[in-house]
Structure formats: C-alpha cells, structure tokens
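Q: Contents are compact mmCIF, C-alpha atoms; file name upload_29.txt:
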# COMPACT_ATOMS: atom_id res chain seq x y z
CA MET A 89 -20.34 -3.58 -6.55
CA ALA A 90 -21.67 -0.27 -5.35
CA SER A 91 -19.61 2.66 -6.51
CA THR A 92 -21.99 4.94 -4.64
CA ALA A 93 -20.50 4.06 -1.23
CA ALA A 94 -20.88 6.86 1.31
CA VAL A 95 -17.77 9.02 1.29
CA PRO A 96 -16.37 10.34 4.58
CA PHE A 97 -17.10 14.03 5.18
CA TRP A 98 -13.48 15.05 4.69
CA ARG A 99 -13.27 13.42 1.29
CA ALA A 100 -16.51 15.10 0.27
CA ALA A 101 -14.88 18.42 1.21
CA GLY A 102 -11.93 17.67 -1.11
CA MET A 103 -9.41 16.48 1.49
CA THR A 104 -7.24 13.41 0.96
CA TYR A 105 -6.75 10.69 3.57
CA ILE A 106 -3.14 11.70 4.18
CA THR A 107 -4.17 15.28 4.94
CA TYR A 108 -6.90 14.03 7.28
CA SER A 109 -4.53 11.66 9.03
CA ASN A 110 -1.86 14.33 9.48
CA ILE A 111 -4.39 16.80 10.89
CA CYS A 112 -5.56 14.17 13.40
CA ALA A 113 -1.96 13.42 14.40
CA ASN A 114 -1.15 17.12 14.86
CA LEU A 115 -4.22 17.64 17.04
CA VAL A 116 -3.23 14.72 19.25
CA ARG A 117 0.33 16.00 19.53
CA ASN A 118 -0.89 19.43 20.57
CA CYS A 119 -2.76 17.90 23.49
CA LEU A 120 0.18 16.13 25.06
CA LYS A 121 1.71 16.94 28.42
CA GLU A 122 5.16 18.41 28.62
CA PRO A 123 7.85 17.08 27.96
CA PHE A 124 6.15 14.70 25.53
CA LYS A 125 4.69 17.61 23.60
CA ALA A 126 8.06 19.28 23.08
CA GLU A 127 9.59 15.96 22.00
CA ALA A 128 6.80 15.27 19.53
CA LEU A 129 6.85 18.74 17.98
CA ASN A 130 10.61 18.59 17.76
CA ARG A 131 10.46 15.24 16.03
CA GLU A 132 8.02 16.49 13.45
CA LYS A 133 9.92 19.61 12.41
CA VAL A 134 10.95 19.77 8.76
CA HIS A 135 13.63 21.96 7.25
CA PHE A 136 13.86 22.41 3.56
CA SER A 137 15.26 24.80 1.02
CA LEU A 138 13.19 25.79 -1.93
CA SER A 139 14.47 27.44 -5.07
CA LYS A 140 12.47 28.52 -8.06
CA TRP A 141 14.03 28.11 -11.47
CA ALA A 142 13.91 30.78 -14.17
CA GLY A 143 15.55 30.51 -17.59
CA GLY A 144 17.32 27.27 -16.78
CA LYS A 145 19.05 28.64 -13.68
CA PRO A 146 18.04 28.36 -10.05
CA GLU A 147 17.24 31.61 -8.30
CA LYS A 148 18.24 32.30 -4.73
CA PRO A 149 16.90 29.51 -2.54
CA THR A 150 14.57 30.18 0.38
CA LEU A 151 15.12 28.14 3.51
CA ARG A 152 12.01 27.02 5.34
CA SER A 153 11.69 25.42 8.73
CA ASP A 154 8.15 24.35 9.20
CA THR A 155 6.77 23.32 12.52
CA PRO A 156 3.82 20.98 12.32
CA GLY A 157 0.31 22.31 12.34
CA VAL A 158 1.41 25.32 10.31
CA MET B 1326 -15.07 -17.23 -1.00
CA LEU B 1327 -12.13 -15.96 -3.00
CA ARG B 1328 -10.61 -19.44 -3.33
CA GLN B 1329 -13.82 -20.62 -5.02
CA ALA B 1330 -13.72 -17.68 -7.38
CA SER B 1331 -10.26 -18.67 -8.57
CA ARG B 1332 -11.47 -22.17 -9.38
CA LEU B 1333 -14.60 -20.93 -11.16
CA LEU B 1334 -12.62 -18.36 -13.11
CA SER B 1335 -10.03 -20.85 -14.30
CA ARG B 1336 -12.80 -23.29 -15.25
CA SER B 1337 -14.63 -20.71 -17.39
CA VAL B 1338 -11.38 -19.43 -18.94
CA ALA B 1339 -10.20 -22.91 -19.86
CA ALA B 1340 -13.57 -23.79 -21.38
CA GLY B 1341 -13.81 -20.53 -23.32
CA SER B 1342 -10.35 -20.23 -24.81
CA SER B 1343 -8.34 -22.72 -26.81
CA LYS B 1344 -5.22 -20.70 -27.43
CA SER B 1345 -4.31 -19.55 -23.91
CA ALA B 1346 -1.55 -21.67 -22.46
CA THR B 1347 -2.60 -21.93 -18.83
CA ALA B 1348 -5.65 -20.88 -16.89
CA ARG B 1349 -4.44 -18.28 -14.43
CA GLY B 1350 -5.60 -17.81 -10.89
CA PHE B 1351 -5.37 -14.45 -9.15
CA SER B 1352 -1.98 -12.78 -9.16
CA THR B 1353 -1.76 -13.25 -5.41
CA GLU B 1354 -1.68 -17.02 -5.82
CA VAL B 1355 1.87 -18.16 -6.57
CA PRO B 1356 1.61 -20.73 -9.37
CA SER B 1357 3.12 -24.07 -8.51
CA THR B 1358 3.82 -25.00 -12.15
CA ILE B 1359 5.79 -22.97 -14.63
CA ASP B 1360 4.21 -22.35 -18.03
CA SER B 1361 5.60 -25.41 -19.87
CA THR B 1362 4.55 -24.56 -23.45
CA PHE B 1363 6.32 -21.21 -23.13
CA VAL B 1364 9.47 -22.82 -21.77
CA GLU B 1365 9.48 -25.36 -24.62
CA SER B 1366 9.08 -22.70 -27.33
CA TRP B 1367 11.80 -20.64 -25.65
CA LYS B 1368 14.21 -23.55 -25.64
CA LYS B 1369 13.61 -24.08 -29.37
CA VAL B 1370 14.44 -20.48 -30.14
CA ALA B 1371 17.21 -19.82 -27.60
CA PRO B 1372 18.49 -23.12 -26.22
CA ASN B 1373 21.52 -21.64 -24.46
CA MET B 1374 19.64 -18.97 -22.51
CA ASP B 1375 17.58 -19.54 -19.42
CA PRO B 1376 13.91 -18.74 -19.87
CA PRO B 1377 13.02 -15.34 -18.40
CA GLN B 1378 11.84 -15.21 -14.80
CA THR B 1379 8.39 -13.94 -14.07
CA PRO B 1380 7.58 -11.80 -11.03
CA SER B 1381 5.76 -14.70 -9.44
CA SER B 1382 8.95 -16.76 -9.27
CA PHE B 1383 10.47 -14.11 -6.99
CA MET B 1384 7.46 -14.03 -4.72
CA LYS B 1385 7.61 -15.78 -1.41
CA PRO B 1386 4.62 -18.02 -0.94
CA ARG B 1387 1.95 -16.59 1.30
CA PRO B 1388 2.46 -17.81 4.88
CA SER B 1389 0.33 -20.85 5.35
CA THR B 1390 -2.73 -20.67 7.56
CA ALA B 1391 -2.38 -23.10 10.44
CA SER B 1392 -4.94 -25.88 10.37
CA SER B 1393 -5.85 -25.24 14.00
CA ILE B 1394 -6.38 -21.75 15.41
CA PRO B 1395 -3.24 -20.55 17.22
CA THR B 1396 -3.53 -19.70 20.89
CA LYS B 1397 -1.87 -16.29 20.65
CA LEU B 1398 -2.17 -13.30 18.35
CA THR B 1399 1.10 -11.84 17.05
CA VAL B 1400 0.92 -8.06 17.01
CA ASN B 1401 3.14 -5.64 15.12
CA PHE B 1402 2.26 -2.10 16.13
CA VAL B 1403 4.28 0.50 14.25
CA LEU B 1404 4.47 4.27 14.08
CA PRO B 1405 6.40 6.27 11.48
CA TYR B 1406 9.16 7.01 13.99
CA ALA B 1407 9.15 3.92 16.19
CA SER B 1408 8.11 0.29 16.41
CA GLU B 1409 5.97 0.08 19.53
CA LEU B 1410 5.31 -3.65 19.44
CA SER B 1411 7.18 -6.03 17.18
CA GLY B 1412 6.04 -9.62 16.98
CA LYS B 1413 4.52 -9.52 20.46
CA GLU B 1414 2.32 -12.49 21.33
CA VAL B 1415 -0.87 -11.38 23.02
CA ASP B 1416 -4.30 -12.76 23.80
CA MET B 1417 -6.45 -10.01 22.34
CA VAL B 1418 -6.32 -6.51 20.87
CA ILE B 1419 -9.23 -4.10 20.73
CA ILE B 1420 -8.85 -1.64 17.88
CA PRO B 1421 -10.87 1.54 17.25
CA ALA B 1422 -12.10 0.79 13.74
CA THR B 1423 -14.34 3.25 11.89
CA THR B 1424 -17.09 0.65 12.20
CA GLY B 1425 -16.70 0.57 16.00
CA GLN B 1426 -14.45 -1.01 18.62
CA MET B 1427 -13.30 -4.31 17.15
CA GLY B 1428 -11.99 -7.12 19.34
CA VAL B 1429 -9.34 -9.19 17.59
CA LEU B 1430 -8.71 -12.73 18.82
CA PRO B 1431 -6.38 -15.34 17.33
CA GLY B 1432 -8.00 -16.85 14.26
CA HIS B 1433 -9.82 -13.62 13.36
CA VAL B 1434 -11.11 -13.48 9.81
CA PRO B 1435 -8.61 -11.62 7.56
CA THR B 1436 -9.62 -7.98 7.62
CA ILE B 1437 -8.32 -4.57 6.65
CA ALA B 1438 -9.77 -1.99 9.00
CA GLU B 1439 -9.41 1.78 8.85
CA LEU B 1440 -8.95 3.19 12.33
CA LYS B 1441 -10.61 6.28 13.75
CA PRO B 1442 -9.19 8.35 16.61
CA GLY B 1443 -9.70 6.20 19.70
CA ILE B 1444 -8.24 3.80 22.22
CA MET B 1445 -6.38 0.67 21.21
CA SER B 1446 -5.90 -1.82 24.01
CA VAL B 1447 -3.54 -4.79 24.05
CA HIS B 1448 -4.54 -7.63 26.40
CA GLU B 1449 -1.90 -10.07 27.61
CA GLY B 1450 -3.11 -12.29 30.43
CA THR B 1451 -4.21 -9.78 33.03
CA ASP B 1452 -2.11 -6.89 31.63
CA VAL B 1453 -3.87 -4.29 29.53
CA ASN B 1454 -1.90 -1.62 27.68
CA LYS B 1455 -3.89 1.26 26.28
CA TYR B 1456 -2.82 3.71 23.60
CA PHE B 1457 -4.70 6.60 22.08
CA VAL B 1458 -4.36 6.23 18.31
CA SER B 1459 -4.82 9.28 16.06
CA SER B 1460 -5.72 7.31 12.93
CA GLY B 1461 -4.30 4.50 10.85
CA PHE B 1462 -5.00 1.01 9.60
CA ALA B 1463 -5.08 -2.49 10.97
CA PHE B 1464 -4.31 -5.49 8.79
CA LEU B 1465 -5.43 -8.80 10.23
CA HIS B 1466 -3.96 -11.77 8.43
CA ALA B 1467 -5.16 -15.34 8.17
CA ASN B 1468 -2.21 -16.65 10.19
CA SER B 1469 -3.24 -14.63 13.30
CA VAL B 1470 -0.75 -11.84 12.71
CA ALA B 1471 -2.06 -8.32 13.21
CA ASP B 1472 -0.22 -5.37 11.66
CA ILE B 1473 -1.43 -2.13 13.13
CA ILE B 1474 -0.07 1.11 11.77
CA ALA B 1475 -0.78 4.53 13.18
CA VAL B 1476 0.59 8.00 12.59
CA GLU B 1477 0.56 8.94 16.27
CA ALA B 1478 -0.15 6.76 19.27
CA VAL B 1479 0.34 7.87 22.86
CA PRO B 1480 -0.29 6.24 26.24
CA LEU B 1481 -3.33 7.81 27.87
CA GLU B 1482 -1.29 9.27 30.76
CA ASN B 1483 0.55 11.56 28.35
CA ILE B 1484 -2.58 13.44 27.31
CA ASP B 1485 -3.33 16.73 29.05
CA PRO B 1486 -7.07 16.94 29.88
CA SER B 1487 -7.15 20.74 30.12
CA GLN B 1488 -5.73 21.10 26.60
CA VAL B 1489 -8.30 18.61 25.34
CA GLN B 1490 -11.14 20.67 26.83
CA LYS B 1491 -9.69 23.85 25.42
CA GLY B 1492 -9.31 22.29 21.97
CA LEU B 1493 -12.83 20.89 22.05
CA ALA B 1494 -14.31 24.29 22.88
CA GLU B 1495 -12.16 25.97 20.23
CA PHE B 1496 -13.15 23.59 17.45
CA THR B 1497 -16.82 23.55 18.39
CA GLN B 1498 -16.75 27.30 17.99
CA LYS B 1499 -14.88 27.02 14.67
CA LEU B 1500 -17.45 24.54 13.41
CA ALA B 1501 -20.26 26.96 14.13
CA ALA B 1502 -18.39 29.82 12.45
CA ALA B 1503 -17.07 27.89 9.43
CA SER B 1504 -18.11 28.99 5.97
CA THR B 1505 -16.33 26.92 3.31
CA ASP B 1506 -16.55 23.14 3.02
CA LEU B 1507 -12.87 22.76 3.83
CA GLU B 1508 -13.12 24.88 6.99
CA LYS B 1509 -16.14 22.87 8.07
CA ALA B 1510 -14.28 19.62 7.46
CA GLU B 1511 -11.23 20.76 9.43
CA ALA B 1512 -13.36 21.96 12.31
CA GLN B 1513 -15.33 18.71 12.25
CA ILE B 1514 -12.10 16.70 12.41
CA GLY B 1515 -11.00 18.82 15.37
CA VAL B 1516 -14.27 18.20 17.18
CA GLU B 1517 -14.10 14.45 16.53
CA VAL B 1518 -10.50 14.02 17.63
CA HIS B 1519 -10.96 16.07 20.80
CA SER B 1520 -14.20 14.32 21.69
CA ALA B 1521 -12.48 10.99 21.23
CA MET B 1522 -9.62 12.09 23.50
CA ASN B 1523 -12.12 13.37 26.05
CA ALA B 1524 -14.01 10.09 25.99
CA ALA B 1525 -10.73 8.19 26.29
CA LEU B 1526 -9.68 10.13 29.37
CA THR B 1527 -13.02 10.03 31.15
CA GLY B 1528 -14.27 6.61 30.00
Could I get this file's structure written as structure tokens?

A:
Amino acid sequence: MASTAAVPFWRAAGMTYITYSNICANLVRNCLKEPFKAEALNREKVHFSLSKWAGGKPEKPTLRSDTPGV
Amino acid sequence: MLRQASRLLSRSVAAGSSKSATARGFSTEVPSTIDSTFVESWKKVAPNMDPPQTPSSFMKPRPSTASSIPTKLTVNFVLPYASELSGKEVDMVIIPATTGQMGVLPGHVPTIAELKPGIMSVHEGTDVNKYFVSSGFAFLHANSVADIIAVEAVPLENIDPSQVQKGLAEFTQKLAAASTDLEKAEAQIGVEVHSAMNAALTG
C-alpha cells in the first residue's frame, strides 16, 4: 500500500479537512441571493462565553458572538 | 475481493496456530457461531452467570445484498441542519466526486467518494433536481442505498452570479498576492469554489 499518496494542496499547507470544508461552505453561503443569504448566515451564528481560569477560579467571562467567515 | 481475504486469512490462522479458539474473520463480519470453548470454560467457573456479551452480539447484521440488482436507487441526502432527501427512490444520481462527475445507478459497486464543490443532480424519470454542493462525502452501499452528506447544498437558482464573479476576481487577486502557504491554500480554495459555482451557473 502506498503511503506516498498525493496529498491535497490544503493538507500540504497544514489545513485539516474540516477547516477546508467549512471554508468551502462559507464561500458558498456568501454567494447566495437574499433572503437565502441572510437565513444561512443567521443559521450559522454561534454565541459562546469564554472564561479563563487562574488559581482555581474562573475570571470574568467574555461573551462572543461569531458570525461565520470570521 | 475482501470476502476472499477473510477466507484466506482464517485458513492461514487456523493452520498456523493451535491454541487460538476460533479463526476470526474481519470485525465487520458478524460471526454466526458463538465461541463455544469460551462459553464452556465460563460455565465451569461461573455456572450461574450468563457468559459476557461481545460487541458483535449487539451488532445488527449488515443488510443483505439483493441477488438481483434493484430497479431504483435509494438516496439519503443530508445536511447538518436539514435532511434534504430521506429514503427517496430515484433512477440515478450524478455526484461531483474529486475524481470527476460520477454517475450512480442502482447496483453501483460499494464506494466511498469525497466530493468536491460542484453540481449534484438527482434523476427521477424525467425530473432532474440539481444542487450545488460545497463539499462532503458520498457512501454507496452494496444494497443500492446512497448516503450523501454535504455541509452546504443549495439549488442553483439561489446563487447570485454577480457575487460569484466578484468573489472569483477577489480570490484570483489574493492568490497572486499570497505569501504564506496557508494564505495560498485559502486563496486557492476560494478560486476553486468560485470557479465551480461559475461553471455550475453557466454550464
């Protein structure tokens, strides 16, 4: 079995498949007509709160709302 | 080819070893007989307890391949947020595999295909439904069931041609100006996806 199979260019550049797939999906979403574009971007929004821990206690959390493609 | 390998493997294992209880096939093959020597030794040691179950006893047997090729292909086309087609019986699907446009008919050889950005068309009689798929995988099973998964799939009418042109120009420029490997890869992906969308809209 050949373990020297040709790698895709994105893997050679250090990108994983999931990253590649998500980039492709974001590009497609950005090229949609309204209202589909607004629906798609709305669907893909994520909101999360992040808190760093120091000395066994959580510090003040930061709230992030990421829109895709950011 | 794989079925032969199982037989050859079990033959060589059985000939080579004297102590191993049963010659095992691949883990995907559900064994029809339980390991009898183990069960007997268990019953000697712990007669009131049931012998432990193995993972294979919980496995459902693989769906049998029909002896004659079915007339229709069953398609399950799913996205992370919706199930576009679920168990739909169609005549043919053409999927944009990385190795080129692949036509899938009932009785297709079992395949796992990685998809590239391109058009997927579902043919049912005279109806053809086209979707632009961003990327994903297609699993074609021996029983003429096709599972196609994509991250984003849109009907062609929902794509805005002017945005595609703009994106193509933008990423072509980025590709020329890119310095690091990662930037080059991202720009290259942009160029590929936009060219595929362009081709889909004009072709």

Q: Which residue out of B:Asn1523, B:Asn1483, B:Gln1513, B:Gln1498 has the minimum interatomic distance to chain A when all atoms listed in the file are used?

A: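 Closest candidate: B:Asn1483.
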
Q: Could you please tell me, as a PDB file with C-alpha atoms, keeping the file's coordinate frame, which residues of chain B have an atom within 10 Å of chain A when using only C-alpha atoms?

A:
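Listed below is the output, iface.pdb:
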ATOM      1  CA  TYR B1406       9.160   7.010  13.990  1.00  0.00           C
ATOM      2  CA  LYS B1441     -10.610   6.280  13.750  1.00  0.00           C
ATOM      3  CA  PRO B1442      -9.190   8.350  16.610  1.00  0.00           C
ATOM      4  CA  PHE B1457      -4.700   6.600  22.080  1.00  0.00           C
ATOM      5  CA  VAL B1458      -4.360   6.230  18.310  1.00  0.00           C
ATOM      6  CA  SER B1459      -4.820   9.280  16.060  1.00  0.00           C
ATOM      7  CA  SER B1460      -5.720   7.310  12.930  1.00  0.00           C
ATOM      8  CA  GLY B1461      -4.300   4.500  10.850  1.00  0.00           C
ATOM      9  CA  ALA B1475      -0.780   4.530  13.180  1.00  0.00           C
ATOM     10  CA  VAL B1476       0.590   8.000  12.590  1.00  0.00           C
ATOM     11  CA  GLU B1477       0.560   8.940  16.270  1.00  0.00           C
ATOM     12  CA  ALA B1478      -0.150   6.760  19.270  1.00  0.00           C
ATOM     13  CA  VAL B1479       0.340   7.870  22.860  1.00  0.00           C
ATOM     14  CA  PRO B1480      -0.290   6.240  26.240  1.00  0.00           C
ATOM     15  CA  LEU B1481      -3.330   7.810  27.870  1.00  0.00           C
ATOM     16  CA  GLU B1482      -1.290   9.270  30.760  1.00  0.00           C
ATOM     17  CA  ASN B1483       0.550  11.560  28.350  1.00  0.00           C
ATOM     18  CA  ILE B1484      -2.580  13.440  27.310  1.00  0.00           C
ATOM     19  CA  ASP B1485      -3.330  16.730  29.050  1.00  0.00           C
ATOM     20  CA  PRO B1486      -7.070  16.940  29.880  1.00  0.00           C
ATOM     21  CA  SER B1487      -7.150  20.740  30.120  1.00  0.00           C
ATOM     22  CA  GLN B1488      -5.730  21.100  26.600  1.00  0.00           C
ATOM     23  CA  VAL B1489      -8.300  18.610  25.340  1.00  0.00           C
ATOM     24  CA  GLN B1490     -11.140  20.670  26.830  1.00  0.00           C
ATOM     25  CA  LYS B1491      -9.690  23.850  25.420  1.00  0.00           C
ATOM     26  CA  GLY B1492      -9.310  22.290  21.970  1.00  0.00           C
ATOM     27  CA  THR B1505     -16.330  26.920   3.310  1.00  0.00           C
ATOM     28  CA  ASP B1506     -16.550  23.140   3.020  1.00  0.00           C
ATOM     29  CA  LEU B1507     -12.870  22.760   3.830  1.00  0.00           C
ATOM     30  CA  GLU B1508     -13.120  24.880   6.990  1.00  0.00           C
ATOM     31  CA  LYS B1509     -16.140  22.870   8.070  1.00  0.00           C
ATOM     32  CA  ALA B1510     -14.280  19.620   7.460  1.00  0.00           C
ATOM     33  CA  GLU B1511     -11.230  20.760   9.430  1.00  0.00           C
ATOM     34  CA  GLN B1513     -15.330  18.710  12.250  1.00  0.00           C
ATOM     35  CA  ILE B1514     -12.100  16.700  12.410  1.00  0.00           C
ATOM     36  CA  GLY B1515     -11.000  18.820  15.370  1.00  0.00           C
ATOM     37  CA  GLU B1517     -14.100  14.450  16.530  1.00  0.00           C
ATOM     38  CA  VAL B1518     -10.500  14.020  17.630  1.00  0.00           C
ATOM     39  CA  HIS B1519     -10.960  16.070  20.800  1.00  0.00           C
ATOM     40  CA  MET B1522      -9.620  12.090  23.500  1.00  0.00           C
TER      41      MET B1522
END

Q: To one decimal in Å, tell me the separation between CA of Ile1474 in chain B and CA of Ser1411 in chain B.

A: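 Computing it gives 11.5 Å between the two atoms.
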
Q: Quick one: pull the distance between CA of Glu1365 in chain B and CA of Thr1379 in chain B, Å, one decimal.

A: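 For CA of Glu1365 in chain B relative to CA of Thr1379 in chain B, the distance reads 15.6 Å.
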
Q: Using only C-alpha atoms, which of the listed residues (B:Asp1472, B:Asp1416, B:Glu1495, B:Asp1375) sits closest to Ile1437 in chain B?

A: B:Asp1472

Q: In Å to one decimal, how far is CA of Ser1389 in chain B from CA of Phe1402 in chain B?

A: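 That distance, rounded to one decimal, is 21.7 Å.
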
Q: Would you list the contacts of Ala1463 in chain B as JSON, numbers by chain, taking every protein, DNA or RNA residue within 12 Å and counting all atoms listed in the file, but skipping same-chain residues closer than 4 positions in sequence?

A: {"B": [1400, 1401, 1402, 1403, 1418, 1419, 1420, 1421, 1422, 1423, 1427, 1428, 1429, 1435, 1436, 1437, 1438, 1439, 1440, 1441, 1445, 1458, 1470, 1471, 1472, 1473, 1474, 1475]}
